[in-house]
Number of protein chains: 2
Amino acid sequence: MLIFHDIAEIREFVRQARGKGHSIGLVPTMGYLHEGHLSLMRQAKKQCDTVIISIFVNPTQFGPGEDLASYPRDLDRDAAMAEGVGVDAVFNPAAAEIYPPGYSTYIDVERITEKLCGASRPGHFRGVATVVAKLFNIVKPDYAFFGQKDAQQVLVIKRMAADLNMEVEVVTVPTVREPNGLAMSSRNVYLEPDQRQAALILSSSLNRAAAAVRSGERDAAKIRQLVIDLIKAEPLAEIDYVEIYSHPDLEPVEVIKGPALLALAVKMGRARLIDNIIL
Amino acid sequence: MLIFHDIAEIREFVRQARGKGHSIGLVPTMGYLHEGHLSLMRQAKKQCDTVIISIFVNPTQFGPGEDLASYPRDLDRDAAMAEGVGVDAVFNPAAAEIYPPGYSTYIDVERITEKLCGASRPGHFRGVATVVAKLFNIVKPDYAFFGQKDAQQVLVIKRMAADLNMEVEVVTVPTVREPNGLAMSSRNVYLEPDQRQAALILSSSLNRAAAAVRSGERDAAKIRQLVIDLIKAEPLAEIDYVEIYSHPDLEPVEVIKGPALLALAVKMGRARLIDNIIL
């Protein structure tokens, strides 16, 4: 497995792979890899001849006061994990390689970014869309792989790729969970043992909501309140949002008829955790 | 020469040209072609094996109250002119092909869009950057050609292409003028005979400013005032802006040392005309 830091180098690597007739898969990450990332890479290996992952803690998707400085980083560990699942190359650029002096261009996906994490983290999806567009233009993958854990991010990337006529197929891969249900996240490292236990309320409340829908409940407000009540009963948890929107358009929903996204964000000590389920 | 209205068709045309090993040149236009456009196409023919022009009056770059509805259109005339200079294909999409229902993604180039036409026409360069990014992604040209008449537009496109890691070389082609100096523009059709005569003040005042610089004047404020006074002496002309900025960074300039852009916009009846010169 090769590790590249420069855009020109990864482009040359892609050019050579293309020369062999290879299809290219890209897994954009911020590193500190976990089983969720590995699941994306395994899926990429299944679909593509050459798999590239990017490891870049993207400063433009962090707001003031967020955890950019403390975001966990460990390139050696990440590289070993990526190599273990057969990744062909890692693109690990410095911030100045991606945002050189004078950098001025940003991509806004409107409407679907106004709610959920977009409302809690102003500018977050602008940073995400911008860096992913750049990675797409640098690597020019046939397929790019994103996790359903970041449900809104997937929708934003799909919307951007379609709107800007990018010829990449965005593949959504299911959330990977620990055996107790906690969704894998690099930010789980922030959790103290008692918080880690308390964090199970995220997935368990989503499951309770899904069970309610299976039992015939269709009133979105009631389902949302069920989740809110469950999380509020957990003293270590502080709700950022619990919302239900239509999927994938993220329109308000009163009565659940078609696919609906139940998404939540919860602060738990230093960590802000997100999770979701499609009802 | 072929005319395509659908994205899938022009993509297939490009794919076939690529299959022959052709380099691809793109000339994005809003149609109602004039000698300035033809000059772009001739330059494209010199540099590229296959030349495509787009003709699309892009609604997102017009503000409220601007001339979107009345912007001159004549596809048959345009097609004949393009064919006359050897263009291989015209891409002439409907607005709904470019902006289908639910369209949500826009590209902002910050800083250099805050002044000149960007200040006079809020949202204009957002629309320009967005549609050009889409055209680049649809056609994937090796070279794209833009006129120096729209000096700020060229800088915005170059900035965007570099920032978003687009692999297209943006080529700037000199402004084409009528024998009397008037810069070619599709909007010149709006001019009544007396206004057309009065419009000569744009290029003549720019030339007077250049002569002053050649004579040793370096004070940007004095040069700017010279141009303002000349235009104000023309009763049919109403100044939108007259500005001098460093080129290509568009930073404020007090003393002209390096390349500087003297740019102006003037209202003349129904027409808003722009022109510029590099000092």
# chains A, B, ... in the order shown; residues from 1 in each chain; ligands from 1
call {"tool": "select_by_dssp", "arguments": {"residues": "segment 105-192 of chain B", "states": "strand (DSSP E or B)", "output": "list in words"}}
result
Thr105, Tyr106, Ile107, Asp108, Val109, Tyr143, Ala144, Phe145, Phe146, Gly147, Glu169, Val170, Val171, Thr172, Val173, Arg177 and Ala183 of chain B
call {"tool": "interface_residues", "arguments": {"of": "chain B", "to": "chain A", "cutoff": "12 Å", "atoms": "only C-alpha atoms", "output": "JSON, numbers by chain"}}
result
{"B": [7, 8, 11, 96, 97, 98, 99, 100, 101, 102, 103, 104, 105, 106, 107, 108, 109, 110, 111, 112, 113, 114, 125, 126, 129, 130, 131, 132, 133, 134, 135, 136, 137, 138, 139, 140, 155, 156, 157, 158, 159, 160, 161, 162, 163, 164, 165, 166, 167, 168, 248, 249, 250, 251]}
call {"tool": "select_by_dssp", "arguments": {"residues": "segment 35-102 of chain B", "states": "helix (DSSP H, G or I)", "output": "PyMOL selection string"}}
result
chain B and resi 35-47+59-61+75-84+95-98
call {"tool": "residues_around", "arguments": {"residues": "segment 18-33 of chain B", "least_positions_apart": "6", "cutoff": "8 Å", "atoms": "only C-alpha atoms", "output": "PyMOL selection string"}}
result
chain B and resi 40-41+44-45+47-58+72-75+77-78+81+132+135+139-146+186
call {"tool": "residues_around", "arguments": {"residues": "Asp6 of chain A", "least_positions_apart": "5", "cutoff": "8 Å", "atoms": "only C-alpha atoms", "output": "JSON, numbers by chain"}}
result
{"A": [91, 92, 93, 97]}
call {"tool": "residues_around", "arguments": {"residues": "Lys149 of chain B", "least_positions_apart": "2", "cutoff": "7 Å", "atoms": "only C-alpha atoms", "output": "list of chain:residue names"}}
result
B:Gly147, B:Ala151, B:Thr175, B:Asp275, B:Asn276
call {"tool": "residues_around", "arguments": {"residues": "Val227 of chain B", "least_positions_apart": "5", "cutoff": "12 Å", "atoms": "only C-alpha atoms", "output": "mmCIF file with all heavy atoms, in the first residue's frame"}}
result
data_model
loop_
_atom_site.group_PDB
_atom_site.id
_atom_site.type_symbol
_atom_site.label_atom_id
_atom_site.label_comp_id
_atom_site.auth_asym_id
_atom_site.auth_seq_id
_atom_site.Cartn_x
_atom_site.Cartn_y
_atom_site.Cartn_z
ATOM 1 N N ILE B 201 -17.292 56.375 -25.232
ATOM 2 C CA ILE B 201 -16.580 56.973 -24.102
ATOM 3 C C ILE B 201 -15.949 55.898 -23.210
ATOM 4 O O ILE B 201 -14.937 56.161 -22.534
ATOM 5 C CB ILE B 201 -17.538 57.891 -23.285
ATOM 6 C CG1 ILE B 201 -16.750 58.743 -22.303
ATOM 7 C CG2 ILE B 201 -18.575 57.081 -22.564
ATOM 8 C CD1 ILE B 201 -15.806 59.715 -22.964
ATOM 9 N N LEU B 202 -16.523 54.685 -23.216
ATOM 10 C CA LEU B 202 -15.949 53.626 -22.376
ATOM 11 C C LEU B 202 -14.513 53.325 -22.807
ATOM 12 O O LEU B 202 -13.580 53.421 -22.012
ATOM 13 C CB LEU B 202 -16.790 52.336 -22.445
ATOM 14 C CG LEU B 202 -18.015 52.243 -21.530
ATOM 15 C CD1 LEU B 202 -19.135 53.143 -21.995
ATOM 16 C CD2 LEU B 202 -18.486 50.796 -21.400
ATOM 17 N N SER B 203 -14.362 52.946 -24.064
ATOM 18 C CA SER B 203 -13.020 52.559 -24.518
ATOM 19 C C SER B 203 -12.100 53.766 -24.619
ATOM 20 O O SER B 203 -10.909 53.684 -24.301
ATOM 21 C CB SER B 203 -13.103 51.828 -25.855
ATOM 22 O OG SER B 203 -13.755 52.626 -26.821
ATOM 23 N N SER B 204 -12.663 54.924 -25.014
ATOM 24 C CA SER B 204 -11.766 56.083 -25.172
ATOM 25 C C SER B 204 -11.257 56.558 -23.810
ATOM 26 O O SER B 204 -10.108 56.960 -23.677
ATOM 27 C CB SER B 204 -12.468 57.209 -25.943
ATOM 28 O OG SER B 204 -13.555 57.713 -25.204
ATOM 29 N N SER B 205 -12.074 56.472 -22.787
ATOM 30 C CA SER B 205 -11.599 56.895 -21.464
ATOM 31 C C SER B 205 -10.557 55.905 -20.927
ATOM 32 O O SER B 205 -9.581 56.317 -20.278
ATOM 33 C CB SER B 205 -12.766 57.042 -20.484
ATOM 34 O OG SER B 205 -13.382 55.797 -20.239
ATOM 35 N N LEU B 206 -10.737 54.612 -21.207
ATOM 36 C CA LEU B 206 -9.727 53.613 -20.806
ATOM 37 C C LEU B 206 -8.400 53.911 -21.513
ATOM 38 O O LEU B 206 -7.323 53.827 -20.901
ATOM 39 C CB LEU B 206 -10.200 52.197 -21.146
ATOM 40 C CG LEU B 206 -11.409 51.666 -20.373
ATOM 41 C CD1 LEU B 206 -11.819 50.294 -20.910
ATOM 42 C CD2 LEU B 206 -11.119 51.576 -18.879
ATOM 43 N N ASN B 207 -8.494 54.255 -22.791
ATOM 44 C CA ASN B 207 -7.270 54.546 -23.543
ATOM 45 C C ASN B 207 -6.585 55.807 -23.013
ATOM 46 O O ASN B 207 -5.355 55.862 -22.949
ATOM 47 C CB ASN B 207 -7.595 54.707 -25.032
ATOM 48 C CG ASN B 207 -7.948 53.368 -25.671
ATOM 49 O OD1 ASN B 207 -7.525 52.319 -25.190
ATOM 50 N ND2 ASN B 207 -8.743 53.411 -26.728
ATOM 51 N N ARG B 208 -7.386 56.810 -22.631
ATOM 52 C CA ARG B 208 -6.800 58.025 -22.057
ATOM 53 C C ARG B 208 -6.077 57.691 -20.753
ATOM 54 O O ARG B 208 -4.997 58.224 -20.463
ATOM 55 C CB ARG B 208 -7.899 59.072 -21.799
ATOM 56 C CG ARG B 208 -8.388 59.769 -23.059
ATOM 57 C CD ARG B 208 -7.450 60.897 -23.508
ATOM 58 N NE ARG B 208 -7.439 61.999 -22.573
ATOM 59 C CZ ARG B 208 -8.355 62.983 -22.558
ATOM 60 N NH1 ARG B 208 -9.317 62.998 -23.463
ATOM 61 N NH2 ARG B 208 -8.296 63.957 -21.672
ATOM 62 N N ALA B 209 -6.680 56.784 -19.957
ATOM 63 C CA ALA B 209 -6.041 56.387 -18.698
ATOM 64 C C ALA B 209 -4.726 55.660 -18.975
ATOM 65 O O ALA B 209 -3.707 55.917 -18.314
ATOM 66 C CB ALA B 209 -6.984 55.479 -17.894
ATOM 67 N N ALA B 210 -4.734 54.779 -19.953
ATOM 68 C CA ALA B 210 -3.504 54.043 -20.289
ATOM 69 C C ALA B 210 -2.422 55.008 -20.770
ATOM 70 O O ALA B 210 -1.242 54.846 -20.429
ATOM 71 C CB ALA B 210 -3.808 52.988 -21.356
ATOM 72 N N ALA B 211 -2.845 56.018 -21.516
ATOM 73 C CA ALA B 211 -1.882 57.014 -22.003
ATOM 74 C C ALA B 211 -1.286 57.788 -20.827
ATOM 75 O O ALA B 211 -0.080 58.078 -20.800
ATOM 76 C CB ALA B 211 -2.565 57.961 -22.991
ATOM 77 N N ALA B 212 -2.132 58.105 -19.845
ATOM 78 C CA ALA B 212 -1.643 58.823 -18.661
ATOM 79 C C ALA B 212 -0.599 57.992 -17.929
ATOM 80 O O ALA B 212 0.432 58.510 -17.469
ATOM 81 C CB ALA B 212 -2.810 59.159 -17.736
ATOM 82 N N ALA B 220 -3.295 55.975 -8.570
ATOM 83 C CA ALA B 220 -4.512 55.284 -9.014
ATOM 84 C C ALA B 220 -5.739 56.175 -8.856
ATOM 85 O O ALA B 220 -6.628 56.175 -9.716
ATOM 86 C CB ALA B 220 -4.689 53.971 -8.244
ATOM 87 N N ALA B 221 -5.796 56.957 -7.779
ATOM 88 C CA ALA B 221 -6.972 57.813 -7.553
ATOM 89 C C ALA B 221 -7.089 58.868 -8.659
ATOM 90 O O ALA B 221 -8.191 59.180 -9.119
ATOM 91 C CB ALA B 221 -6.870 58.480 -6.187
ATOM 92 N N LYS B 222 -5.956 59.404 -9.078
ATOM 93 C CA LYS B 222 -5.997 60.421 -10.140
ATOM 94 C C LYS B 222 -6.432 59.809 -11.470
ATOM 95 O O LYS B 222 -7.195 60.413 -12.229
ATOM 96 C CB LYS B 222 -4.614 61.064 -10.309
ATOM 97 C CG LYS B 222 -4.305 62.097 -9.229
ATOM 98 C CD LYS B 222 -3.052 62.875 -9.571
ATOM 99 C CE LYS B 222 -2.681 63.800 -8.407
ATOM 100 N NZ LYS B 222 -1.285 64.253 -8.501
ATOM 101 N N LYS B 232 -18.434 61.290 -17.113
ATOM 102 C CA LYS B 232 -19.486 62.198 -16.626
ATOM 103 C C LYS B 232 -19.780 63.303 -17.632
ATOM 104 O O LYS B 232 -20.876 63.879 -17.632
ATOM 105 C CB LYS B 232 -19.066 62.820 -15.294
ATOM 106 C CG LYS B 232 -19.282 61.863 -14.120
ATOM 107 C CD LYS B 232 -19.291 62.591 -12.796
ATOM 108 C CE LYS B 232 -19.740 61.661 -11.677
ATOM 109 N NZ LYS B 232 -19.371 62.193 -10.355
ATOM 110 N N ALA B 233 -18.820 63.593 -18.478
ATOM 111 C CA ALA B 233 -19.035 64.617 -19.504
ATOM 112 C C ALA B 233 -19.946 64.112 -20.621
ATOM 113 O O ALA B 233 -20.350 64.882 -21.494
ATOM 114 C CB ALA B 233 -17.691 65.063 -20.081
ATOM 115 N N GLU B 234 -20.252 62.828 -20.600
ATOM 116 C CA GLU B 234 -21.141 62.251 -21.627
ATOM 117 C C GLU B 234 -22.538 62.128 -21.015
ATOM 118 O O GLU B 234 -22.765 61.284 -20.154
ATOM 119 C CB GLU B 234 -20.593 60.871 -22.055
ATOM 120 C CG GLU B 234 -21.540 60.066 -22.919
ATOM 121 C CD GLU B 234 -22.096 60.871 -24.072
ATOM 122 O OE1 GLU B 234 -21.325 61.268 -24.948
ATOM 123 O OE2 GLU B 234 -23.334 61.098 -24.083
ATOM 124 N N ILE B 239 -22.552 56.271 -14.705
ATOM 125 C CA ILE B 239 -21.522 55.363 -14.177
ATOM 126 C C ILE B 239 -22.109 54.411 -13.145
ATOM 127 O O ILE B 239 -22.818 54.828 -12.225
ATOM 128 C CB ILE B 239 -20.372 56.171 -13.544
ATOM 129 C CG1 ILE B 239 -19.600 56.924 -14.634
ATOM 130 C CG2 ILE B 239 -19.424 55.262 -12.753
ATOM 131 C CD1 ILE B 239 -18.528 57.853 -14.088
ATOM 132 N N TYR B 241 -19.723 51.743 -11.953
ATOM 133 C CA TYR B 241 -18.475 51.830 -11.197
ATOM 134 C C TYR B 241 -17.312 52.131 -12.140
ATOM 135 O O TYR B 241 -17.360 51.809 -13.337
ATOM 136 C CB TYR B 241 -18.185 50.548 -10.387
ATOM 137 C CG TYR B 241 -17.946 49.298 -11.214
ATOM 138 C CD1 TYR B 241 -16.741 49.099 -11.896
ATOM 139 C CD2 TYR B 241 -18.920 48.302 -11.298
ATOM 140 C CE1 TYR B 241 -16.532 47.956 -12.658
ATOM 141 C CE2 TYR B 241 -18.712 47.154 -12.057
ATOM 142 C CZ TYR B 241 -17.521 46.991 -12.732
ATOM 143 O OH TYR B 241 -17.303 45.867 -13.483
ATOM 144 N N VAL B 242 -16.281 52.736 -11.588
ATOM 145 C CA VAL B 242 -14.973 52.875 -12.235
ATOM 146 C C VAL B 242 -13.974 52.546 -11.146
ATOM 147 O O VAL B 242 -13.935 53.228 -10.110
ATOM 148 C CB VAL B 242 -14.725 54.306 -12.755
ATOM 149 C CG1 VAL B 242 -13.286 54.432 -13.279
ATOM 150 C CG2 VAL B 242 -15.729 54.685 -13.836
ATOM 151 N N GLU B 243 -13.213 51.469 -11.304
ATOM 152 C CA GLU B 243 -12.334 51.042 -10.204
ATOM 153 C C GLU B 243 -10.994 50.568 -10.749
ATOM 154 O O GLU B 243 -10.896 50.091 -11.882
ATOM 155 C CB GLU B 243 -12.968 49.886 -9.403
ATOM 156 C CG GLU B 243 -14.308 50.206 -8.758
ATOM 157 C CD GLU B 243 -14.224 51.189 -7.584
ATOM 158 O OE1 GLU B 243 -13.092 51.545 -7.186
ATOM 159 O OE2 GLU B 243 -15.297 51.583 -7.097
ATOM 160 N N ILE B 244 -9.979 50.688 -9.913
ATOM 161 C CA ILE B 244 -8.651 50.153 -10.234
ATOM 162 C C ILE B 244 -8.257 49.187 -9.113
ATOM 163 O O ILE B 244 -8.296 49.548 -7.931
ATOM 164 C CB ILE B 244 -7.604 51.276 -10.352
ATOM 165 C CG1 ILE B 244 -7.996 52.231 -11.491
ATOM 166 C CG2 ILE B 244 -6.207 50.695 -10.597
ATOM 167 C CD1 ILE B 244 -7.051 53.414 -11.652
ATOM 168 N N LEU B 262 -8.016 48.317 -14.640
ATOM 169 C CA LEU B 262 -8.944 49.453 -14.628
ATOM 170 C C LEU B 262 -10.223 48.960 -15.292
ATOM 171 O O LEU B 262 -10.225 48.618 -16.477
ATOM 172 C CB LEU B 262 -8.341 50.633 -15.405
ATOM 173 C CG LEU B 262 -9.287 51.793 -15.760
ATOM 174 C CD1 LEU B 262 -9.991 52.364 -14.542
ATOM 175 C CD2 LEU B 262 -8.521 52.881 -16.498
ATOM 176 N N ALA B 263 -11.278 48.855 -14.500
ATOM 177 C CA ALA B 263 -12.527 48.263 -14.996
ATOM 178 C C ALA B 263 -13.662 49.242 -14.764
ATOM 179 O O ALA B 263 -13.670 49.981 -13.770
ATOM 180 C CB ALA B 263 -12.807 46.944 -14.274
ATOM 181 N N LEU B 264 -14.630 49.225 -15.663
ATOM 182 C CA LEU B 264 -15.773 50.118 -15.486
ATOM 183 C C LEU B 264 -17.047 49.466 -15.992
ATOM 184 O O LEU B 264 -17.027 48.555 -16.830
ATOM 185 C CB LEU B 264 -15.518 51.454 -16.194
ATOM 186 C CG LEU B 264 -15.033 51.445 -17.644
ATOM 187 C CD1 LEU B 264 -16.183 51.170 -18.586
ATOM 188 C CD2 LEU B 264 -14.393 52.796 -17.976
ATOM 189 N N ALA B 265 -18.140 49.933 -15.418
ATOM 190 C CA ALA B 265 -19.486 49.540 -15.860
ATOM 191 C C ALA B 265 -20.285 50.828 -15.981
ATOM 192 O O ALA B 265 -20.243 51.673 -15.079
ATOM 193 C CB ALA B 265 -20.137 48.583 -14.872
ATOM 194 N N VAL B 266 -20.980 50.963 -17.070
ATOM 195 C CA VAL B 266 -21.701 52.202 -17.369
ATOM 196 C C VAL B 266 -23.082 51.851 -17.909
ATOM 197 O O VAL B 266 -23.204 50.980 -18.781
ATOM 198 C CB VAL B 266 -20.922 53.045 -18.412
ATOM 199 C CG1 VAL B 266 -21.751 54.253 -18.859
ATOM 200 C CG2 VAL B 266 -19.576 53.481 -17.854
ATOM 201 N N ASN B 276 -12.712 47.156 -19.803
ATOM 202 C CA ASN B 276 -11.569 47.195 -18.889
ATOM 203 C C ASN B 276 -10.283 47.235 -19.683
ATOM 204 O O ASN B 276 -10.259 46.946 -20.898
ATOM 205 C CB ASN B 276 -11.572 45.970 -17.967
ATOM 206 C CG ASN B 276 -11.285 44.681 -18.726
ATOM 207 O OD1 ASN B 276 -10.122 44.335 -18.959
ATOM 208 N ND2 ASN B 276 -12.338 43.994 -19.164
ATOM 209 N N ILE B 277 -9.222 47.565 -18.974
ATOM 210 C CA ILE B 277 -7.886 47.546 -19.564
ATOM 211 C C ILE B 277 -6.903 47.194 -18.453
ATOM 212 O O ILE B 277 -7.138 47.532 -17.290
ATOM 213 C CB ILE B 277 -7.563 48.923 -20.209
ATOM 214 C CG1 ILE B 277 -6.384 48.825 -21.178
ATOM 215 C CG2 ILE B 277 -7.299 49.976 -19.140
ATOM 216 C CD1 ILE B 277 -6.267 50.059 -22.077
#
call {"tool": "closest_residue", "arguments": {"among": "A:Ala80, A:Leu279, A:Leu230, A:Leu261", "to": "Ser215 of chain A", "atoms": "only C-alpha atoms"}}
result
A:Leu279
call {"tool": "atom_distance", "arguments": {"atom1": "atom CA of Gly269 of chain B", "atom2": "atom CA of Asp194 of chain B"}}
result
10.1 Å
call {"tool": "residues_around", "arguments": {"residues": "Gln148 of chain A", "least_positions_apart": "6", "cutoff": "6 Å", "atoms": "only C-alpha atoms", "output": "ChimeraX atom specification"}}
result
/A:172-175
call {"tool": "atom_distance", "arguments": {"atom1": "atom CA of His247 of chain A", "atom2": "atom CA of Gly63 of chain A"}}
result
26.3 Å
